[in-house]
Number of protein chains: 4
Amino acid sequence: MHEKARKGKGRVSNDKRIPVAVLGATGSVGQRFVQLLEHHPWFRVAEVVASERSVGRPYREATDWRLDAFMPTDAAALVVKDYGDPIASPVAFSALPGEVATEIEQRLAREGHAVLSNTSTHRMEPDVPLLIPEVNADHARAIEVQRAARGWSGFIATNPNCSAIHMVLTLKPLQDAFGLNSVMVTTMQAVSGAGYPGVASLDAIDNVVPFIRTEEEKMAEETQKLLGGWDGEFRPADIVVSAQCNRVSVRDGHTECVSVSLGGSPTPEDVTAAMRNFAGRPQELGLPSAPKRPVVVRDEPNRPQAILDRNTENGMASVVGRVRACPILGIKYVLLGHNTIRGAAGASILNAELFKVEGLLPV
Amino acid sequence: MHEKARKGKGRVSNDKRIPVAVLGATGSVGQRFVQLLEHHPWFRVAEVVASERSVGRPYREATDWRLDAFMPTDAAALVVKDYGDPIASPVAFSALPGEVATEIEQRLAREGHAVLSNTSTHRMEPDVPLLIPEVNADHARAIEVQRAARGWSGFIATNPNCSAIHMVLTLKPLQDAFGLNSVMVTTMQAVSGAGYPGVASLDAIDNVVPFIRTEEEKMAEETQKLLGGWDGEFRPADIVVSAQCNRVSVRDGHTECVSVSLGGSPTPEDVTAAMRNFAGRPQELGLPSAPKRPVVVRDEPNRPQAILDRNTENGMASVVGRVRACPILGIKYVLLGHNTIRGAAGASILNAELFKVEGLLPV
Amino acid sequence: MHEKARKGKGRVSNDKRIPVAVLGATGSVGQRFVQLLEHHPWFRVAEVVASERSVGRPYREATDWRLDAFMPTDAAALVVKDYGDPIASPVAFSALPGEVATEIEQRLAREGHAVLSNTSTHRMEPDVPLLIPEVNADHARAIEVQRAARGWSGFIATNPNCSAIHMVLTLKPLQDAFGLNSVMVTTMQAVSGAGYPGVASLDAIDNVVPFIRTEEEKMAEETQKLLGGWDGEFRPADIVVSAQCNRVSVRDGHTECVSVSLGGSPTPEDVTAAMRNFAGRPQELGLPSAPKRPVVVRDEPNRPQAILDRNTENGMASVVGRVRACPILGIKYVLLGHNTIRGAAGASILNAELFKVEGLLPV
Amino acid sequence: MHEKARKGKGRVSNDKRIPVAVLGATGSVGQRFVQLLEHHPWFRVAEVVASERSVGRPYREATDWRLDAFMPTDAAALVVKDYGDPIASPVAFSALPGEVATEIEQRLAREGHAVLSNTSTHRMEPDVPLLIPEVNADHARAIEVQRAARGWSGFIATNPNCSAIHMVLTLKPLQDAFGLNSVMVTTMQAVSGAGYPGVASLDAIDNVVPFIRTEEEKMAEETQKLLGGWDGEFRPADIVVSAQCNRVSVRDGHTECVSVSLGGSPTPEDVTAAMRNFAGRPQELGLPSAPKRPVVVRDEPNRPQAILDRNTENGMASVVGRVRACPILGIKYVLLGHNTIRGAAGASILNAELFKVEGLLPV
């Protein structure tokens, strides 16, 4: 697959793919962007941007590469640019730290770039789409309001928090089929979600930390925005979300125990069928990064497990198991999702693919 | 403390403490019994009983000791007895595997022994007390019905599952103060709960296993029995319990995220106060293994943590944190408890102390 | 790559690949055989053989699949055969437990099968090749003596212990270039080396176990056989090996700290160059599973690391780092190798590829 | 034990114990000082000193307490002082970060304080004792030269690196009994050795890091100083040390695989006997923190293990196992030691006890 990308290797002049910049390219999520884009059929990493410490050095040297997949050769040779440098690529993927993201992302959007951001900064703004293409592809149109209101030629679009996105992927088919009233969730989140160095090993070995700053709030408000409507402005869904978020000793893959109150008392079999039949715009459009099945439901009693299931559909699916009756809310289940692929960089890339097909990229 | 115990060391003839047998003494929970009883003021380990493989060897050699506290010298010298051998001690603590527990425990009770069992076999029987002295000390009286019905001179009393006991310790003050309608809980349980060898390291490293056989059922039914009444027969409490149980990479200490529906809409401060003021029969009686505070509530946003809090009150307390509003059920919080101390051997020992003070031991 | 294999999928009748049986197919190493052979250009898994418990069930159901790569579809449908059943495939890969391997492997060799065994049983026998194709490809000829002596139409060939093979891959270029007198090694071995369930999580979490039964002996005697000669009989190399073997909390990838006494006082640069230039028969022949570089030397001060480097060259290379002077023996370095790929199943497969090209397979 | 200390609690005016300051009190080693001194019979923590961020706040609030033992009540109430504040206590225990230690420790020594430092800064200076009371108690006299040369009324004395101290404790009896030529060692070190936050969990989970900056150099040079003589100046021992240092996924307890070349070809039994008979000045003097047995040798084939043995003798002993022949150097064995007790704070405290008994404290 990705034949065109492979052929193009090393012959940049002939490479017809859209050049993209990765902002915050040396960090955990930045590295994941670079890795996932290596053989992408539509995009190629043309610019890497990072903080002062790395500027002017080849990406190979500036980066303490922490992924088990190896660093792509083409990206390795790129010289790291400064946050303030002009960006030539029409598309920018942002893995910027929150404290610098606001200003830089806005500047780039103003200058005409499509900014696909994994940072939380702009997610909840009233004219910025928070997007999961399978769930609320129609929210993409919010960029028109955003451009008009802000006088920008480019735009900012965001993807959700790494825990929220997987939960919402599993909730959307339930909302569609039965109606969704409330969701109780307890997460067991991987340490990679906190970046590198992130969680101290003394907090991780033989321990659970029952607290992740602002995570529970994000899971509530982002879920309501994602499952809500857009009619010129966002109409948050009237769904009550109660989250408890924990950090566990896992490298990659967030596990979440969910209980839901649905309309019409569906059985576990009904719920399983709704999840298995779920597909959205990315599947219709055949987007390159789209999983064939956005939600994979397993039948084994002891799945999903991080170590066994996090790479399902190349890390782009949510994997569900143990769908069963909950005597309090009606239905409960466990889900697992890769937090740095579908939960971060992969989500931004899928968003970019949607914008491309919709003709909304500035190229 | 435990001065008498210490003086008695090595001079068995003068040791006035009640001799006890530990059944299944070489296993994880058996070892914990032996360790916790080392300096006990009322009981001394006089007999250790295990499966065929160990019989006839000194406990020191028969046991692959896995605790970080060292093996008590007195116990180390005891010769391991067979399951079928006669037991001289009036009291037997049982850490037997389920498949052999039924027959052996019943035989010993018939022969006149007080059997304090950590095994699940008899917990739900209609004439066997399932006991947490702080919670339902009055259930101890069920042994009279048991003896009459079964024609036994001894009796069997049990303590709860390691996850249920800690949750119920935190629920009891809420039930008393506000009334309790329903409980949603997600557990993150330590591997020691599965004994040794128990959980494979390939299932524990970099992983969460979202399934523990029969655990969710036990949490529901045991909670209802524990929080229910006894008036000649057990009256299970009318409380709906929905549990999701997970195994995480922690040695000791179960973490549980709880949401509760209570009567009268108490605030988090009300709930905290009720938990902090909670005390029961063991505290009134000053039982030797009783924690001063059965429920310890911490104020820090990121506590309790297994590594930092599991030994609170010598592992006999439940530690609560993050008491806050739940938009679905009303109140939510996190709890942590030591699963092999208060969750197993320590619970049986506290039960034995209650029976002793109540004059119900056959001594 | 492996185009033929891919085309053949589902059209078994046209599949020209050599059918192979996997013995012990449901265990850890057996699963790795099945996974690595999925797209093999020369071999296809035609039979899976396991213990009584699994016999008669589809491989999909009989196997608790524990790899993060997914189970190959073709293999999933195979019905598991009994150890005693006749085998139709000319080639058998053995991941049998030691206690049953001797008899079954010998029976199959007698019946004409090429048995490529990962089991330790036959490794040190005087007419059985213990083979690393880069190191001692000429030892393969020992099967002629074996057949003659035992009257077998098939044969047994073995690959080394998972720790020994990686160390020997790094020692061979040093032996060739400088002469090798003695080797001191301390290993930090992954839990997957002990199979499943294997190491208990209570032994792995927050712990190091400084003992692996018979491992130190194997590292010594296998190294001497591997680096020795064959002239009708094996001439063990006159190299002193001293090993200390430890189990650490790692899933896959053995790390080994090595000090060597070499001839002629080479510098670290000399040693690095010798390792980097190393290639053997598999590289000359272009065998399908051969790594391009059997030994990869890294320059970073803090590499190799299990999590970052174990999949180098698809897990078929040994990765070396920190080559530097040792004030006692002369040179020291760290190596890392994947213990279930090059350290087990992958090693057997490469052996089979060598035998195929040498015309020694019974096909 | 420590009766006086206990009685003194809360009645500071009657407390006859020597007041001490802990420098760097909020960090990992600082916390360990505070914890180990809680019930000390001779010293009481009177001052806690830390960096700007903590100054002026009660120790309770300024400290993110990370030990499983609970924070001592008396220390909790102390107000944190600034590095620049005057210190009233005659004795100061230093757990200062290297970059600030030089200046502060020298200032305090100049002002008349006995500075017992765990920091590496001054360890190798020609007039500063690097001390293990069992090994080189006579080096304490170097402070006289130090005072004369520097014109100080106080002094600085140091304890070794956490890996070196345990190895040297096991080497000293061998040096005394047989003579010691060379030592090869590979360490597997706990993450607590790097402080908090220290090692990132992404480097620790499912991984070994084969590099710890400057650790191998320290193990060599400190060993030579420790096992060398003092006759007005230090005479390093003529012992060749070759170390390879690794970080593994363990909270506390360094494991080390050692091979030694000794004089006179002793057997493993000889070596074991020498270690078991080993005692030094702390044992003769009955110092309060002295282990009864500085080196504990275990007979089991699979010990010592971090989780089971690190608290031997309250964490003040080195635990040895697997003493056996090494075909290269003569003898090999495994050792384990607690890296933050005997490897850090406990070592400084034992040094202080020695100085007190020798009449060398400024009190």
# chains A, B, ... in the order shown; residues from 1 in each chain; ligands from 1

call {"tool": "interface_residues", "arguments": {"of": "chain D", "to": "chain C", "cutoff": "8 Å", "atoms": "only C-alpha atoms", "output": "ChimeraX atom specification"}}
result
/D:182,184,186,205-211,240-242,244,248-252,255,257,301-307,326-328,334

call {"tool": "select_by_dssp", "arguments": {"residues": "range 51-284 of chain B", "states": "strand (DSSP E or B)", "output": "MDAnalysis selection string"}}
result
chainID B and resid 58 79 81:82 91:94 114:117 130 155:158 180:189 200 209 229:230 234:235 240:247 254:262

call {"tool": "residues_around", "arguments": {"residues": "Thr119 in chain D", "least_positions_apart": "3", "cutoff": "9 Å", "atoms": "only C-alpha atoms", "output": "list in words"}}
result
Ser94, Ala95, Leu96, Pro97, Gly98, Ala101, His122, Arg123, Thr158, Asn159, Pro160, Asn161 and Ala344 of chain D

call {"tool": "write_last_selection", "arguments": {"atoms": "all heavy atoms", "output": "JSON list (two decimals), in the first residue's frame"}}
result
[["chain", "number", "residue", "atom", "x", "y", "z"],
["D", 94, "SER", "N", 23.76, 16.06, 54.59],
["D", 94, "SER", "CA", 23.54, 16.71, 53.31],
["D", 94, "SER", "C", 23.06, 15.75, 52.23],
["D", 94, "SER", "O", 23.71, 14.75, 51.92],
["D", 94, "SER", "CB", 24.83, 17.38, 52.83],
["D", 94, "SER", "OG", 24.69, 17.79, 51.48],
["D", 95, "ALA", "N", 21.90, 16.09, 51.67],
["D", 95, "ALA", "CA", 21.39, 15.40, 50.48],
["D", 95, "ALA", "C", 21.20, 16.45, 49.40],
["D", 95, "ALA", "O", 20.25, 16.41, 48.63],
["D", 95, "ALA", "CB", 20.07, 14.72, 50.83],
["D", 96, "LEU", "N", 22.14, 17.39, 49.35],
["D", 96, "LEU", "CA", 22.03, 18.49, 48.41],
["D", 96, "LEU", "C", 22.30, 18.02, 46.98],
["D", 96, "LEU", "O", 23.13, 17.14, 46.77],
["D", 96, "LEU", "CB", 23.03, 19.58, 48.77],
["D", 96, "LEU", "CG", 22.72, 20.36, 50.05],
["D", 96, "LEU", "CD1", 23.91, 21.25, 50.41],
["D", 96, "LEU", "CD2", 21.47, 21.22, 49.87],
["D", 97, "PRO", "N", 21.65, 18.63, 46.02],
["D", 97, "PRO", "CA", 22.02, 18.38, 44.63],
["D", 97, "PRO", "C", 23.46, 18.84, 44.40],
["D", 97, "PRO", "O", 23.90, 19.86, 44.95],
["D", 97, "PRO", "CB", 21.05, 19.24, 43.82],
["D", 97, "PRO", "CG", 20.15, 19.92, 44.78],
["D", 97, "PRO", "CD", 20.54, 19.56, 46.17],
["D", 98, "GLY", "N", 24.19, 18.09, 43.56],
["D", 98, "GLY", "CA", 25.60, 18.36, 43.29],
["D", 98, "GLY", "C", 25.91, 19.82, 43.00],
["D", 98, "GLY", "O", 26.89, 20.37, 43.50],
["D", 101, "ALA", "N", 25.91, 21.81, 46.23],
["D", 101, "ALA", "CA", 26.51, 21.20, 47.42],
["D", 101, "ALA", "C", 27.87, 21.79, 47.77],
["D", 101, "ALA", "O", 28.16, 22.06, 48.94],
["D", 101, "ALA", "CB", 26.63, 19.69, 47.23],
["D", 122, "HIS", "N", 32.39, 16.06, 47.11],
["D", 122, "HIS", "CA", 33.68, 16.08, 47.82],
["D", 122, "HIS", "C", 34.30, 14.70, 48.01],
["D", 122, "HIS", "O", 35.37, 14.60, 48.61],
["D", 122, "HIS", "CB", 33.49, 16.73, 49.20],
["D", 122, "HIS", "CG", 33.15, 18.19, 49.14],
["D", 122, "HIS", "ND1", 31.87, 18.66, 49.29],
["D", 122, "HIS", "CD2", 33.92, 19.29, 48.92],
["D", 122, "HIS", "CE1", 31.85, 19.98, 49.18],
["D", 122, "HIS", "NE2", 33.08, 20.39, 48.94],
["D", 123, "ARG", "N", 33.65, 13.65, 47.52],
["D", 123, "ARG", "CA", 34.09, 12.30, 47.87],
["D", 123, "ARG", "C", 35.55, 12.01, 47.55],
["D", 123, "ARG", "O", 36.24, 11.34, 48.31],
["D", 123, "ARG", "CB", 33.24, 11.26, 47.13],
["D", 123, "ARG", "CG", 31.91, 10.99, 47.77],
["D", 123, "ARG", "CD", 31.16, 9.92, 46.99],
["D", 123, "ARG", "NE", 29.72, 9.99, 47.27],
["D", 123, "ARG", "CZ", 28.79, 9.62, 46.41],
["D", 123, "ARG", "NH1", 29.12, 9.15, 45.22],
["D", 123, "ARG", "NH2", 27.52, 9.71, 46.74],
["D", 158, "THR", "N", 32.16, 12.07, 53.86],
["D", 158, "THR", "CA", 31.22, 11.60, 52.84],
["D", 158, "THR", "C", 31.02, 10.09, 52.92],
["D", 158, "THR", "O", 31.84, 9.37, 53.48],
["D", 158, "THR", "CB", 31.72, 11.93, 51.42],
["D", 158, "THR", "OG1", 32.95, 11.21, 51.20],
["D", 158, "THR", "CG2", 31.98, 13.42, 51.27],
["D", 159, "ASN", "N", 29.90, 9.65, 52.35],
["D", 159, "ASN", "CA", 29.68, 8.20, 52.18],
["D", 159, "ASN", "C", 29.63, 7.90, 50.68],
["D", 159, "ASN", "O", 29.40, 8.79, 49.88],
["D", 159, "ASN", "CB", 28.41, 7.76, 52.89],
["D", 159, "ASN", "CG", 27.19, 8.54, 52.48],
["D", 159, "ASN", "OD1", 26.98, 9.66, 52.97],
["D", 159, "ASN", "ND2", 26.40, 8.01, 51.57],
["D", 160, "PRO", "N", 29.85, 6.66, 50.32],
["D", 160, "PRO", "CA", 30.02, 6.33, 48.89],
["D", 160, "PRO", "C", 28.69, 6.33, 48.11],
["D", 160, "PRO", "O", 27.60, 6.36, 48.68],
["D", 160, "PRO", "CB", 30.60, 4.92, 48.91],
["D", 160, "PRO", "CG", 31.00, 4.64, 50.32],
["D", 160, "PRO", "CD", 30.13, 5.51, 51.18],
["D", 161, "ASN", "N", 28.89, 6.25, 46.83],
["D", 161, "ASN", "CA", 27.84, 5.97, 45.85],
["D", 161, "ASN", "C", 27.06, 4.71, 46.26],
["D", 161, "ASN", "O", 27.62, 3.77, 46.80],
["D", 161, "ASN", "CB", 28.56, 5.74, 44.51],
["D", 161, "ASN", "CG", 27.67, 5.16, 43.45],
["D", 161, "ASN", "OD1", 27.47, 3.95, 43.39],
["D", 161, "ASN", "ND2", 27.11, 6.01, 42.62],
["D", 344, "ALA", "N", 22.59, 5.33, 50.98],
["D", 344, "ALA", "CA", 22.54, 6.80, 51.00],
["D", 344, "ALA", "C", 22.36, 7.30, 52.44],
["D", 344, "ALA", "O", 23.33, 7.39, 53.19],
["D", 344, "ALA", "CB", 21.43, 7.31, 50.09]]

call {"tool": "atom_distance", "arguments": {"atom1": "CA of Arg110 in chain D", "atom2": "CA of Phe155 in chain D"}}
result
7.3 Å

call {"tool": "residues_around", "arguments": {"residues": "range 36-52 of chain A", "least_positions_apart": "4", "cutoff": "8 Å", "atoms": "only C-alpha atoms", "output": "MDAnalysis selection string"}}
result
chainID A and resid 2:6 17:26 32 59 72 75 78:83 87 89 288 345:346

call {"tool": "residues_around", "arguments": {"residues": "Leu131 in chain B", "least_positions_apart": "2", "cutoff": "9 Å", "atoms": "only C-alpha atoms", "output": "list in words"}}
result
Pro129, Pro133, Glu134, Val135, Asn136, Ala137, Asp138, His139, Ala140, Ala157, Thr158, Asn159, Pro160, Leu226, Ala347, Ser348 and Asn351 of chain B

call {"tool": "write_last_selection", "arguments": {"atoms": "all heavy atoms", "output": "tab-separated table (two decimals), in the first residue's frame"}}
result
chain	number	residue	atom	x	y	z
B	129	PRO	N	-22.06	-16.63	58.93
B	129	PRO	CA	-21.84	-15.19	58.93
B	129	PRO	C	-20.71	-14.79	57.98
B	129	PRO	O	-19.68	-15.45	57.92
B	129	PRO	CB	-21.45	-14.86	60.38
B	129	PRO	CG	-21.16	-16.16	61.04
B	129	PRO	CD	-21.74	-17.26	60.22
B	133	PRO	N	-16.32	-6.78	61.36
B	133	PRO	CA	-16.75	-6.38	62.70
B	133	PRO	C	-17.20	-4.93	62.81
B	133	PRO	O	-18.09	-4.63	63.60
B	133	PRO	CB	-15.52	-6.66	63.56
B	133	PRO	CG	-14.84	-7.81	62.88
B	133	PRO	CD	-15.05	-7.54	61.41
B	134	GLU	N	-16.64	-4.03	62.03
B	134	GLU	CA	-17.11	-2.64	62.06
B	134	GLU	C	-18.49	-2.49	61.43
B	134	GLU	O	-19.15	-1.47	61.62
B	134	GLU	CB	-16.15	-1.73	61.27
B	134	GLU	CG	-14.86	-1.39	61.97
B	134	GLU	CD	-13.76	-2.38	61.60
B	134	GLU	OE1	-14.09	-3.48	61.10
B	134	GLU	OE2	-12.58	-2.06	61.82
B	135	VAL	N	-18.89	-3.44	60.61
B	135	VAL	CA	-20.06	-3.25	59.76
B	135	VAL	C	-21.27	-4.04	60.26
B	135	VAL	O	-22.39	-3.51	60.35
B	135	VAL	CB	-19.72	-3.65	58.31
B	135	VAL	CG1	-20.97	-3.70	57.43
B	135	VAL	CG2	-18.68	-2.68	57.74
B	136	ASN	N	-21.06	-5.31	60.55
B	136	ASN	CA	-22.21	-6.16	60.88
B	136	ASN	C	-21.85	-7.14	61.98
B	136	ASN	O	-22.09	-8.36	61.85
B	136	ASN	CB	-22.70	-6.89	59.61
B	136	ASN	CG	-21.63	-7.82	59.03
B	136	ASN	OD1	-20.46	-7.72	59.41
B	136	ASN	ND2	-22.03	-8.70	58.14
B	137	ALA	N	-21.30	-6.62	63.07
B	137	ALA	CA	-20.87	-7.50	64.18
B	137	ALA	C	-22.03	-8.37	64.67
B	137	ALA	O	-21.80	-9.51	65.12
B	137	ALA	CB	-20.30	-6.66	65.32
B	138	ASP	N	-23.25	-7.88	64.55
B	138	ASP	CA	-24.40	-8.66	65.03
B	138	ASP	C	-24.60	-9.94	64.22
B	138	ASP	O	-25.24	-10.88	64.70
B	138	ASP	CB	-25.67	-7.80	64.98
B	138	ASP	CG	-25.96	-7.29	63.59
B	138	ASP	OD1	-25.02	-6.76	62.91
B	138	ASP	OD2	-27.11	-7.40	63.12
B	139	HIS	N	-24.07	-10.00	63.00
B	139	HIS	CA	-24.21	-11.22	62.20
B	139	HIS	C	-23.49	-12.41	62.83
B	139	HIS	O	-23.75	-13.56	62.46
B	139	HIS	CB	-23.68	-11.01	60.78
B	139	HIS	CG	-24.53	-10.13	59.92
B	139	HIS	ND1	-24.54	-10.21	58.55
B	139	HIS	CD2	-25.42	-9.15	60.23
B	139	HIS	CE1	-25.37	-9.30	58.05
B	139	HIS	NE2	-25.91	-8.64	59.06
B	140	ALA	N	-22.56	-12.12	63.75
B	140	ALA	CA	-21.82	-13.21	64.38
B	140	ALA	C	-22.76	-14.22	65.03
B	140	ALA	O	-22.48	-15.41	65.11
B	140	ALA	CB	-20.84	-12.65	65.41
B	157	ALA	N	-17.06	-19.14	60.28
B	157	ALA	CA	-17.39	-17.73	59.99
B	157	ALA	C	-16.43	-17.25	58.92
B	157	ALA	O	-15.27	-17.68	58.88
B	157	ALA	CB	-17.28	-16.87	61.25
B	158	THR	N	-16.92	-16.38	58.08
B	158	THR	CA	-16.11	-15.98	56.92
B	158	THR	C	-15.90	-14.47	56.87
B	158	THR	O	-16.65	-13.71	57.47
B	158	THR	CB	-16.80	-16.42	55.61
B	158	THR	OG1	-18.04	-15.70	55.49
B	158	THR	CG2	-17.08	-17.90	55.59
B	159	ASN	N	-14.87	-14.09	56.13
B	159	ASN	CA	-14.69	-12.66	55.82
B	159	ASN	C	-14.83	-12.48	54.32
B	159	ASN	O	-14.70	-13.43	53.55
B	159	ASN	CB	-13.35	-12.16	56.33
B	159	ASN	CG	-12.18	-12.98	55.84
B	159	ASN	OD1	-11.92	-14.07	56.38
B	159	ASN	ND2	-11.50	-12.51	54.82
B	160	PRO	N	-15.09	-11.24	53.90
B	160	PRO	CA	-15.44	-11.03	52.49
B	160	PRO	C	-14.24	-11.09	51.55
B	160	PRO	O	-13.09	-11.08	51.96
B	160	PRO	CB	-16.04	-9.61	52.48
B	160	PRO	CG	-16.25	-9.22	53.89
B	160	PRO	CD	-15.30	-10.03	54.71
B	226	LEU	N	-23.54	-8.17	53.52
B	226	LEU	CA	-22.81	-7.45	54.57
B	226	LEU	C	-23.58	-6.26	55.10
B	226	LEU	O	-23.58	-5.97	56.30
B	226	LEU	CB	-21.45	-6.97	54.02
B	226	LEU	CG	-20.38	-8.04	53.84
B	226	LEU	CD1	-19.32	-7.57	52.85
B	226	LEU	CD2	-19.73	-8.39	55.19
B	347	ALA	N	-8.46	-9.67	58.06
B	347	ALA	CA	-9.91	-9.67	58.26
B	347	ALA	C	-10.34	-10.88	59.09
B	347	ALA	O	-11.16	-10.77	60.01
B	347	ALA	CB	-10.63	-9.68	56.91
B	348	SER	N	-9.79	-12.05	58.79
B	348	SER	CA	-10.12	-13.26	59.55
B	348	SER	C	-9.67	-13.11	61.01
B	348	SER	O	-10.37	-13.55	61.93
B	348	SER	CB	-9.40	-14.48	58.95
B	348	SER	OG	-10.05	-14.93	57.79
B	351	ASN	N	-11.97	-10.91	62.87
B	351	ASN	CA	-13.18	-11.69	63.18
B	351	ASN	C	-12.95	-12.57	64.41
B	351	ASN	O	-13.81	-12.65	65.31
B	351	ASN	CB	-13.58	-12.55	61.98
B	351	ASN	CG	-14.24	-11.75	60.88
B	351	ASN	OD1	-14.49	-10.55	61.03
B	351	ASN	ND2	-14.52	-12.39	59.75

call {"tool": "atom_distance", "arguments": {"atom1": "CA of Leu361 in chain D", "atom2": "CA of Gly112 in chain D"}}
result
9.9 Å

call {"tool": "atom_distance", "arguments": {"atom1": "CA of Gly154 in chain D", "atom2": "CA of Phe234 in chain D"}}
result
20.2 Å

call {"tool": "residues_around", "arguments": {"residues": "Leu285 in chain A", "least_positions_apart": "3", "cutoff": "12 Å", "atoms": "only C-alpha atoms", "output": "MDAnalysis selection string"}}
result
chainID A and resid 133:134 137 279:282 288:292 350 353:358

call {"tool": "select_by_dssp", "arguments": {"residues": "range 102-182 of chain D", "states": "helix (DSSP H, G or I)", "output": "PyMOL selection string"}}
result
chain D and resi 102-110+133-150+162-178
